[in-house]
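J.: Okay, so here is coords_36.cif, and as you'll see once you scroll down, it has mmCIF, C-alpha atoms.
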```cif
data_coords
loop_
_atom_site.group_PDB
_atom_site.id
_atom_site.type_symbol
_atom_site.label_atom_id
_atom_site.label_comp_id
_atom_site.auth_asym_id
_atom_site.auth_seq_id
_atom_site.Cartn_x
_atom_site.Cartn_y
_atom_site.Cartn_z
ATOM 1 C CA MET A 146 110.928 135.155 31.135
ATOM 2 C CA THR A 147 111.590 136.183 34.678
ATOM 3 C CA THR A 148 110.920 133.844 37.492
ATOM 4 C CA LEU A 149 110.055 134.928 40.939
ATOM 5 C CA ALA A 150 112.395 133.702 43.623
ATOM 6 C CA SER A 151 110.667 131.237 45.813
ATOM 7 C CA ALA A 152 110.116 132.452 49.320
ATOM 8 C CA PRO A 153 112.199 130.739 51.969
ATOM 9 C CA PRO A 154 110.297 128.029 53.769
ATOM 10 C CA ARG A 155 108.764 129.102 56.976
ATOM 11 C CA ARG A 156 110.351 127.658 60.057
ATOM 12 C CA PRO A 157 107.855 126.007 62.369
ATOM 13 C CA LEU A 158 107.122 127.836 65.547
ATOM 14 C CA GLY A 159 109.007 125.277 67.597
ATOM 15 C CA ALA A 160 108.795 127.104 70.907
ATOM 16 C CA LEU A 161 105.046 127.737 70.680
ATOM 17 C CA THR A 162 104.424 124.169 69.567
ATOM 18 C CA TRP A 163 106.502 122.856 72.444
ATOM 19 C CA VAL A 164 104.703 125.042 75.004
ATOM 20 C CA GLY A 165 101.282 124.182 73.572
ATOM 21 C CA SER A 166 101.953 120.450 73.623
ATOM 22 C CA ARG A 167 103.170 120.617 77.215
ATOM 23 C CA LEU A 168 100.112 122.577 78.354
ATOM 24 C CA ALA A 169 97.745 120.185 76.588
ATOM 25 C CA GLY A 170 99.539 117.219 78.114
ATOM 26 C CA ALA A 171 99.419 118.804 81.567
ATOM 27 C CA LEU A 172 95.670 119.399 81.361
ATOM 28 C CA PHE A 173 95.080 115.826 80.216
ATOM 29 C CA VAL A 174 97.175 114.406 83.055
ATOM 30 C CA LEU A 175 95.375 116.530 85.656
ATOM 31 C CA TRP A 176 91.989 115.416 84.320
ATOM 32 C CA ALA A 177 93.060 111.765 84.305
ATOM 33 C CA VAL A 178 94.423 112.001 87.856
ATOM 34 C CA ALA A 179 91.273 113.697 89.128
ATOM 35 C CA THR A 180 89.096 111.049 87.478
ATOM 36 C CA LEU A 181 91.092 108.115 88.775
ATOM 37 C CA ILE A 182 91.310 109.373 92.336
ATOM 38 C CA PHE A 183 87.628 110.361 92.430
ATOM 39 C CA PHE A 184 86.410 106.903 91.468
ATOM 40 C CA GLY A 185 89.268 105.029 93.113
ATOM 41 C CA ILE A 186 88.724 106.400 96.603
ATOM 42 C CA ARG A 187 85.078 105.362 96.452
ATOM 43 C CA LEU A 188 86.189 101.752 96.143
ATOM 44 C CA ILE A 189 87.603 101.907 99.680
ATOM 45 C CA PRO A 190 85.165 100.338 102.171
ATOM 46 C CA GLY A 191 83.406 102.804 104.427
ATOM 47 C CA ASP A 192 81.025 105.726 104.316
ATOM 48 C CA PRO A 193 82.404 109.239 103.736
ATOM 49 C CA ALA A 194 79.509 110.590 105.788
ATOM 50 C CA GLU A 195 81.023 108.921 108.848
ATOM 51 C CA ALA A 196 84.217 110.911 108.321
ATOM 52 C CA ILE A 197 82.160 114.092 108.249
ATOM 53 C CA LEU A 198 80.618 113.218 111.615
ATOM 54 C CA GLY A 199 83.848 112.210 113.341
ATOM 55 C CA GLY A 200 84.769 108.794 111.976
ATOM 56 C CA PRO A 201 83.429 105.253 112.406
ATOM 57 C CA GLY A 202 83.570 105.550 116.203
ATOM 58 C CA SER A 203 81.200 108.497 116.311
ATOM 59 C CA ARG A 204 78.091 106.244 116.397
ATOM 60 C CA ALA A 205 76.176 108.732 114.293
ATOM 61 C CA THR A 206 72.469 108.139 113.864
ATOM 62 C CA PRO A 207 71.013 107.312 110.434
ATOM 63 C CA GLU A 208 69.314 110.708 110.434
ATOM 64 C CA ALA A 209 72.607 112.513 111.031
ATOM 65 C CA LEU A 210 74.306 110.487 108.299
ATOM 66 C CA ALA A 211 71.522 111.317 105.856
ATOM 67 C CA GLN A 212 71.778 115.004 106.722
ATOM 68 C CA ALA A 213 75.569 114.969 106.190
ATOM 69 C CA ARG A 214 75.175 113.248 102.812
ATOM 70 C CA ALA A 215 72.634 115.847 101.721
ATOM 71 C CA GLU A 216 74.808 118.751 102.942
ATOM 72 C CA PHE A 217 77.896 117.605 101.032
ATOM 73 C CA GLY A 218 76.046 116.286 97.981
ATOM 74 C CA LEU A 219 76.869 112.645 98.700
ATOM 75 C CA ASP A 220 73.266 111.624 98.102
ATOM 76 C CA GLN A 221 73.432 112.708 94.454
ATOM 77 C CA PRO A 222 74.194 110.313 91.566
ATOM 78 C CA LEU A 223 77.867 109.475 91.191
ATOM 79 C CA LEU A 224 78.125 111.136 87.777
ATOM 80 C CA THR A 225 76.659 114.350 89.199
ATOM 81 C CA GLN A 226 79.181 114.284 92.024
ATOM 82 C CA TYR A 227 81.983 113.697 89.529
ATOM 83 C CA LEU A 228 81.010 116.638 87.303
ATOM 84 C CA HIS A 229 80.580 118.861 90.342
ATOM 85 C CA GLU A 230 84.054 117.857 91.550
ATOM 86 C CA LEU A 231 85.625 118.639 88.164
ATOM 87 C CA GLY A 232 83.946 122.042 88.155
ATOM 88 C CA ARG A 233 85.306 122.853 91.604
ATOM 89 C CA LEU A 234 88.810 121.727 90.713
ATOM 90 C CA ALA A 235 88.744 123.783 87.513
ATOM 91 C CA SER A 236 88.095 126.864 89.654
ATOM 92 C CA PHE A 237 90.859 125.873 92.120
ATOM 93 C CA ASP A 238 88.305 125.153 94.850
ATOM 94 C CA PHE A 239 89.347 122.040 96.786
ATOM 95 C CA GLY A 240 86.411 122.199 99.175
ATOM 96 C CA THR A 241 86.409 121.635 102.931
ATOM 97 C CA SER A 242 87.989 118.799 104.846
ATOM 98 C CA TYR A 243 85.426 116.350 106.220
ATOM 99 C CA ALA A 244 87.414 115.630 109.371
ATOM 100 C CA LEU A 245 89.223 118.916 110.074
ATOM 101 C CA LYS A 246 86.358 121.229 109.023
ATOM 102 C CA VAL A 247 88.831 123.674 107.437
ATOM 103 C CA PRO A 248 89.451 124.529 103.769
ATOM 104 C CA VAL A 249 91.522 121.883 102.017
ATOM 105 C CA ALA A 250 93.726 124.626 100.552
ATOM 106 C CA GLN A 251 94.855 125.486 104.085
ATOM 107 C CA VAL A 252 95.682 121.831 104.797
ATOM 108 C CA LEU A 253 97.706 121.648 101.578
ATOM 109 C CA LEU A 254 99.648 124.820 102.312
ATOM 110 C CA ASP A 255 100.511 123.562 105.798
ATOM 111 C CA GLY A 256 102.103 120.389 104.436
ATOM 112 C CA LEU A 257 103.359 121.344 100.970
ATOM 113 C CA GLY A 258 106.369 123.357 102.115
ATOM 114 C CA ASN A 259 107.761 120.591 104.335
ATOM 115 C CA THR A 260 107.386 117.950 101.619
ATOM 116 C CA LEU A 261 108.978 120.134 98.928
ATOM 117 C CA VAL A 262 111.941 120.946 101.192
ATOM 118 C CA LEU A 263 112.405 117.241 101.897
ATOM 119 C CA ALA A 264 112.153 116.247 98.221
ATOM 120 C CA ILE A 265 114.403 119.030 96.878
ATOM 121 C CA ALA A 266 117.072 118.438 99.520
ATOM 122 C CA SER A 267 116.964 114.689 98.870
ATOM 123 C CA LEU A 268 117.307 115.183 95.105
ATOM 124 C CA ALA A 269 120.295 117.496 95.602
ATOM 125 C CA VAL A 270 122.030 115.058 97.960
ATOM 126 C CA ALA A 271 121.297 112.143 95.599
ATOM 127 C CA TRP A 272 122.904 114.054 92.719
ATOM 128 C CA LEU A 273 126.003 114.833 94.783
ATOM 129 C CA LEU A 274 126.379 111.194 95.843
ATOM 130 C CA ALA A 275 125.827 109.952 92.287
ATOM 131 C CA ILE A 276 128.393 112.358 90.813
ATOM 132 C CA ALA A 277 130.952 111.440 93.478
ATOM 133 C CA LEU A 278 130.409 107.714 92.858
ATOM 134 C CA ALA A 279 130.606 108.105 89.083
ATOM 135 C CA LEU A 280 133.843 110.132 89.161
ATOM 136 C CA TRP A 281 135.465 107.824 91.696
ATOM 137 C CA ALA A 282 134.450 104.689 89.797
ATOM 138 C CA THR A 283 135.793 105.936 86.464
ATOM 139 C CA ARG A 284 139.080 107.235 87.842
ATOM 140 C CA GLY A 285 139.936 104.871 90.671
ATOM 141 C CA GLY A 286 140.610 101.785 88.607
ATOM 142 C CA ARG A 287 139.041 98.356 88.600
ATOM 143 C CA VAL A 288 138.748 98.072 92.373
ATOM 144 C CA ALA A 289 136.942 101.399 92.666
ATOM 145 C CA GLY A 290 134.677 100.444 89.768
ATOM 146 C CA ALA A 291 133.771 97.112 91.357
ATOM 147 C CA VAL A 292 133.162 98.634 94.806
ATOM 148 C CA SER A 293 131.058 101.463 93.402
ATOM 149 C CA THR A 294 128.998 98.983 91.386
ATOM 150 C CA VAL A 295 128.210 96.989 94.527
ATOM 151 C CA LEU A 296 127.374 100.170 96.462
ATOM 152 C CA GLU A 297 125.056 101.414 93.704
ATOM 153 C CA ILE A 298 123.195 98.106 93.436
ATOM 154 C CA VAL A 299 122.767 97.791 97.209
ATOM 155 C CA ALA A 300 121.687 101.423 97.582
ATOM 156 C CA ALA A 301 119.137 101.159 94.771
ATOM 157 C CA ALA A 302 117.636 97.996 96.268
ATOM 158 C CA VAL A 303 117.293 99.235 99.858
ATOM 159 C CA PRO A 304 113.657 99.975 100.881
ATOM 160 C CA ASN A 305 113.100 103.414 102.370
ATOM 161 C CA PHE A 306 111.413 102.184 105.544
ATOM 162 C CA TRP A 307 114.256 99.708 106.259
ATOM 163 C CA LEU A 308 116.968 102.283 105.605
ATOM 164 C CA GLY A 309 115.192 104.846 107.788
ATOM 165 C CA THR A 310 114.950 102.360 110.648
ATOM 166 C CA ILE A 311 118.674 101.483 110.375
ATOM 167 C CA LEU A 312 119.652 105.150 110.319
ATOM 168 C CA ILE A 313 117.600 105.794 113.446
ATOM 169 C CA LEU A 314 119.195 102.835 115.258
ATOM 170 C CA VAL A 315 122.727 103.904 114.309
ATOM 171 C CA PHE A 316 122.705 107.694 114.474
ATOM 172 C CA SER A 317 119.961 108.292 117.047
ATOM 173 C CA VAL A 318 119.896 105.305 119.392
ATOM 174 C CA ALA A 319 123.530 104.098 119.299
ATOM 175 C CA LEU A 320 125.478 107.319 118.644
ATOM 176 C CA GLY A 321 122.954 109.952 119.727
ATOM 177 C CA TRP A 322 124.105 112.356 117.032
ATOM 178 C CA LEU A 323 120.763 113.104 115.360
ATOM 179 C CA PRO A 324 117.129 113.147 116.510
ATOM 180 C CA ALA A 325 115.018 110.102 115.730
ATOM 181 C CA ILE A 326 111.978 112.311 115.093
ATOM 182 C CA SER A 327 112.143 115.039 112.490
ATOM 183 C CA THR A 328 112.460 118.303 114.410
ATOM 184 C CA PRO A 329 112.659 121.869 113.048
ATOM 185 C CA GLY A 330 116.086 122.739 111.737
ATOM 186 C CA ILE A 331 118.815 121.013 109.765
ATOM 187 C CA PRO A 332 119.595 118.217 112.292
ATOM 188 C CA GLY A 333 116.017 116.968 112.106
ATOM 189 C CA LEU A 334 116.194 116.937 108.297
ATOM 190 C CA VAL A 335 119.407 114.906 107.878
ATOM 191 C CA LEU A 336 118.067 111.377 108.447
ATOM 192 C CA PRO A 337 114.868 111.810 106.352
ATOM 193 C CA VAL A 338 116.927 113.275 103.502
ATOM 194 C CA LEU A 339 119.453 110.425 103.591
ATOM 195 C CA THR A 340 116.626 107.883 103.697
ATOM 196 C CA LEU A 341 115.242 109.268 100.442
ATOM 197 C CA ALA A 342 118.537 110.205 98.766
ATOM 198 C CA VAL A 343 120.572 107.007 99.125
ATOM 199 C CA PRO A 344 118.305 104.698 97.038
ATOM 200 C CA LEU A 345 117.922 107.377 94.378
ATOM 201 C CA ALA A 346 121.691 107.931 94.304
ATOM 202 C CA GLY A 347 122.079 104.243 93.490
ATOM 203 C CA PHE A 348 119.930 104.612 90.360
ATOM 204 C CA LEU A 349 121.540 107.870 89.248
ATOM 205 C CA GLY A 350 125.036 106.579 89.989
ATOM 206 C CA GLN A 351 124.623 103.521 87.774
ATOM 207 C CA LEU A 352 123.340 105.666 84.929
ATOM 208 C CA MET A 353 126.017 108.338 85.223
ATOM 209 C CA ARG A 354 128.918 105.875 85.582
ATOM 210 C CA GLU A 355 128.080 104.199 82.287
ATOM 211 C CA SER A 356 127.555 107.568 80.621
ATOM 212 C CA VAL A 357 130.914 108.890 81.870
ATOM 213 C CA LEU A 358 132.704 105.799 80.581
ATOM 214 C CA ASN A 359 131.090 106.225 77.166
ATOM 215 C CA ALA A 360 131.867 109.944 77.102
ATOM 216 C CA LEU A 361 135.567 109.411 77.879
ATOM 217 C CA ASP A 362 135.945 107.578 74.565
ATOM 218 C CA ALA A 363 133.996 110.158 72.564
ATOM 219 C CA PRO A 364 135.741 112.348 69.954
ATOM 220 C CA PHE A 365 135.072 115.602 71.802
ATOM 221 C CA VAL A 366 136.946 114.265 74.860
ATOM 222 C CA VAL A 367 139.857 113.165 72.702
ATOM 223 C CA SER A 368 139.909 116.631 71.144
ATOM 224 C CA ALA A 369 139.885 118.264 74.593
ATOM 225 C CA ARG A 370 142.844 116.164 75.679
ATOM 226 C CA ALA A 371 144.663 117.072 72.480
ATOM 227 C CA ARG A 372 144.205 120.767 73.322
ATOM 228 C CA GLY A 373 146.118 120.137 76.546
ATOM 229 C CA GLU A 374 143.274 120.175 79.085
ATOM 230 C CA SER A 375 143.922 118.405 82.351
ATOM 231 C CA GLU A 376 142.267 115.083 83.109
ATOM 232 C CA THR A 377 140.244 116.709 85.881
ATOM 233 C CA GLY A 378 138.994 119.392 83.512
ATOM 234 C CA VAL A 379 138.150 116.835 80.852
ATOM 235 C CA ARG A 380 136.049 114.826 83.309
ATOM 236 C CA LEU A 381 134.325 117.729 85.059
ATOM 237 C CA ILE A 382 133.694 120.015 82.089
ATOM 238 C CA HIS A 383 133.212 117.681 79.131
ATOM 239 C CA ALA A 384 132.563 114.097 80.195
ATOM 240 C CA LEU A 385 130.399 114.900 83.218
ATOM 241 C CA ARG A 386 128.234 117.344 81.287
ATOM 242 C CA HIS A 387 127.585 114.735 78.615
ATOM 243 C CA ALA A 388 126.983 112.029 81.230
ATOM 244 C CA ALA A 389 124.500 114.204 83.125
ATOM 245 C CA LEU A 390 122.050 114.384 80.199
ATOM 246 C CA PRO A 391 120.364 110.991 80.818
ATOM 247 C CA ALA A 392 120.304 111.657 84.560
ATOM 248 C CA ILE A 393 118.688 115.075 84.006
ATOM 249 C CA SER A 394 115.970 113.395 81.959
ATOM 250 C CA LEU A 395 115.474 110.971 84.827
ATOM 251 C CA SER A 396 115.222 113.726 87.437
ATOM 252 C CA GLY A 397 111.559 114.406 86.673
ATOM 253 C CA TRP A 398 110.689 110.791 87.432
ATOM 254 C CA ALA A 399 113.054 110.886 90.418
ATOM 255 C CA PHE A 400 111.308 113.893 91.952
ATOM 256 C CA GLY A 401 107.936 112.227 91.568
ATOM 257 C CA SER A 402 109.370 109.115 93.200
ATOM 258 C CA LEU A 403 110.639 111.210 96.105
ATOM 259 C CA ILE A 404 107.214 112.792 96.597
ATOM 260 C CA SER A 405 105.538 109.369 96.697
ATOM 261 C CA SER A 406 108.223 107.924 98.995
ATOM 262 C CA ALA A 407 107.677 110.861 101.345
ATOM 263 C CA VAL A 408 104.535 109.058 102.575
ATOM 264 C CA VAL A 409 106.752 106.371 104.132
ATOM 265 C CA VAL A 410 109.560 108.650 105.296
ATOM 266 C CA GLU A 411 107.274 111.228 106.895
ATOM 267 C CA THR A 412 105.524 108.424 108.750
ATOM 268 C CA VAL A 413 108.777 106.823 109.959
ATOM 269 C CA PHE A 414 110.230 110.117 111.200
ATOM 270 C CA ALA A 415 106.906 111.664 112.323
ATOM 271 C CA ARG A 416 107.519 114.576 109.960
ATOM 272 C CA PRO A 417 104.570 116.788 108.986
ATOM 273 C CA GLY A 418 103.944 116.975 105.255
ATOM 274 C CA LEU A 419 101.710 115.964 102.387
ATOM 275 C CA GLY A 420 102.673 112.305 102.767
ATOM 276 C CA ARG A 421 101.315 111.958 106.290
ATOM 277 C CA THR A 422 98.361 114.142 105.406
ATOM 278 C CA LEU A 423 97.448 111.840 102.505
ATOM 279 C CA LEU A 424 97.839 108.682 104.592
ATOM 280 C CA ASN A 425 95.618 110.000 107.389
ATOM 281 C CA ALA A 426 93.021 111.253 104.909
ATOM 282 C CA VAL A 427 92.821 107.861 103.182
ATOM 283 C CA LEU A 428 92.406 106.051 106.493
ATOM 284 C CA ILE A 429 89.455 108.210 107.529
ATOM 285 C CA ARG A 430 88.059 108.645 103.979
ATOM 286 C CA ASP A 431 88.472 112.406 103.959
ATOM 287 C CA VAL A 432 87.752 112.588 100.234
ATOM 288 C CA PRO A 433 88.380 116.329 99.624
ATOM 289 C CA VAL A 434 91.799 116.149 101.291
ATOM 290 C CA VAL A 435 92.777 113.012 99.339
ATOM 291 C CA ILE A 436 91.798 114.595 96.029
ATOM 292 C CA GLY A 437 93.515 117.872 96.919
ATOM 293 C CA VAL A 438 96.804 116.228 97.921
ATOM 294 C CA VAL A 439 96.925 114.015 94.838
ATOM 295 C CA MET A 440 96.129 116.913 92.515
ATOM 296 C CA VAL A 441 98.829 119.118 94.049
ATOM 297 C CA VAL A 442 101.379 116.303 93.825
ATOM 298 C CA ALA A 443 100.433 115.730 90.175
ATOM 299 C CA LEU A 444 100.788 119.446 89.436
ATOM 300 C CA VAL A 445 104.212 119.576 91.111
ATOM 301 C CA TYR A 446 105.301 116.522 89.134
ATOM 302 C CA ILE A 447 104.172 118.140 85.863
ATOM 303 C CA VAL A 448 106.048 121.360 86.644
ATOM 304 C CA VAL A 449 109.218 119.452 87.519
ATOM 305 C CA THR A 450 108.943 117.338 84.364
ATOM 306 C CA ILE A 451 108.688 120.446 82.201
ATOM 307 C CA ALA A 452 111.618 121.998 84.094
ATOM 308 C CA THR A 453 113.789 118.935 83.450
ATOM 309 C CA ASP A 454 112.806 119.067 79.782
ATOM 310 C CA LEU A 455 113.979 122.681 79.682
ATOM 311 C CA ALA A 456 117.204 121.708 81.442
ATOM 312 C CA ASP A 457 117.744 119.039 78.785
ATOM 313 C CA ARG A 458 117.391 121.617 76.032
ATOM 314 C CA ILE A 459 119.811 123.972 77.797
ATOM 315 C CA ALA A 460 122.422 121.290 78.476
ATOM 316 C CA ASP A 461 122.186 119.656 75.047
ATOM 317 C CA PRO A 462 122.459 122.154 72.152
ATOM 318 C CA ARG A 463 121.187 119.495 69.726
ATOM 319 C CA LEU A 464 117.702 119.753 71.236
ATOM 320 C CA ARG A 465 117.318 123.508 70.903
ATOM 321 C CA GLY A 466 116.586 123.487 67.190
ATOM 322 C CA ARG A 467 114.048 120.707 67.338
#
```
Represent the structure from my file as structure tokens, please.
T.:
Amino acid sequence: MTTLASAPPRRPLGALTWVGSRLAGALFVLWAVATLIFFGIRLIPGDPAEAILGGPGSRATPEALAQARAEFGLDQPLLTQYLHELGRLASFDFGTSYALKVPVAQVLLDGLGNTLVLAIASLAVAWLLAIALALWATRGGRVAGAVSTVLEIVAAAVPNFWLGTILILVFSVALGWLPAISTPGIPGLVLPVLTLAVPLAGFLGQLMRESVLNALDAPFVVSARARGESETGVRLIHALRHAALPAISLSGWAFGSLISSAVVVETVFARPGLGRTLLNAVLIRDVPVVIGVVMVVALVYIVVTIATDLADRIADPRLRGR
């Protein structure tokens, strides 16, 4: 009696499953963010109709306020407004700014580039500082390890607004090397970038130092040394790559933290960007601008998180088959 050979088991479509789960998660996060910000901003005291007519100091008449509410749909039930807002966001229509009387998309485009440049440059500088601290701490002996530990703890604990103020006093007021206000060009970007990068470098440095120390005792490092590789090559090629994996996973959170901290830094250095735009919009209850900024920030955070997940899979071969 002949038996048919059993067909090989089908391998799951790992890539499609991964992409589908990420897209579903992204849509859920965007919906949750839109819902929270829509209802949350209405808890702030004040009338959005006043923002439409120029703010609380405009002394608008009750008739004008009623007309503004009717024009922008603010006189409709809250649930109706919410569903209408979701429909607009689904079609990528952010509406018109109450205060500026221009499309919100234009306001977002004006500030998005500056904030992304600030966040990306800060993340790059934080990585460089963290790598330098980790390599120095693991190769310089006990003194270097103790000093780097203190530096990492202090850097991670420093508030952005305090660090920015100190940098202005030292490099702008005392030394006169850099402008106190963020101006176009690289010199105007140095102090804001350092203000964001130094605290983040403290977190990344602590993580990478411990990972490098663990990697130096791993079998693959011992094998590399046995093959005759130099100590510098062992640390840069093998140990550092292994140590970077946890920090890469943390980079998605780090980028989101930089975007949120940009509100403080852009205010301290008078730098145009989404942070200042969001702060001004909240103060005057410009609801469309607030929702638009938060949604764009959430979308950027989702994209960066997926990118860091991809980087994890590229850097760690063990994740590619999962």
J.: Apply the PyMOL selection byres ((chain A and resi 213-229) around 9) to the displayed file and report the matching residues as a PyMOL selection string.
T.: chain A and resi 180+183-184+193-195+197-198+208-212+230-234
J.: Expanded to explicit residues, what is the PyMOL selection byres ((chain A and resi 424) around 12) for this file, as number ranges by chain?
T.: A: 405-412, 417-423, 425-432, 434-435, 438-439
J.: One number please: atom CA of Phe316 of chain A to atom CA of Ala300 of chain A, in Å, one decimal.
T.: 18.0 Å
J.: Find the residue from A:Ala443, A:Leu345, A:Ala279, A:Val413 that sits nearest to Leu312 of chain A; use all atoms listed in the file when measuring.
T.: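 Between A:Ala443, A:Leu345, A:Ala279, A:Val413, the residue approaching Leu312 of chain A most closely is A:Val413.
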J.: Dump as number ranges by chain all residues having an atom at most 10 Å from (103.3, 121.8, 80.5), computed in the file's coordinates with all atoms listed in the file.
T.: A: 163-172, 174, 444, 447-452, 454
J.: Name the closest residue to Leu263 of chain A among the candidates A:Ser327, A:Ser236, A:Ser396, A:Thr206; distances are taken between atoms, counting all atoms listed in the file.
T.: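 Going through A:Ser327, A:Ser236, A:Ser396, A:Thr206 one by one, the smallest distance to Leu263 of chain A is for A:Ser327.
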J.: Nearest to Thr453 of chain A among A:Met440, A:Ala415, A:Ala196, A:Gly397, with distances taken over all atoms listed in the file: which residue is it?
T.: A:Gly397
J.: To verify the selection step, state as number ranges by chain which residues the PyMOL selection byres ((chain A and resi 286-298) around 10) yields on this input.
T.: A: 275, 277-285, 299-303, 343-352, 354
J.: Pick out the closest residue to Leu175 of chain A from this set: A:Ile189, A:Ala269, A:Ala235, A:Leu254. Count all atoms listed in the file.
T.: A:Ala235
J.: Out of A:Leu341, A:Leu320, A:Leu257, A:Ala177, which residue has the shortest atom-to-atom distance to Ala399 of chain A when counting all atoms listed in the file?
T.: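 Using all atoms listed in the file, Ala399 of chain A sits closest to A:Leu341.
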J.: Would you please work out which residue, of A:Ile311, A:Ile186, A:Gly256, A:Pro433, is nearest to Ala244 of chain A when using only C-alpha atoms?
T.: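 When distances to Ala244 of chain A are compared using only C-alpha atoms, the smallest one comes from A:Pro433.
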J.: Please write out, as AutoDock Vina command-line options, where the centre of an axis-aligned box around all listed atoms of segment 429-442 of chain A lies and how long its edges are, in Å to one decimal, after adding 3 Å on each side.
T.:
```
--center_x 94.6 --center_y 113.7 --center_z 100.0 --size_x 19.6 --size_y 16.9 --size_z 21.0
```
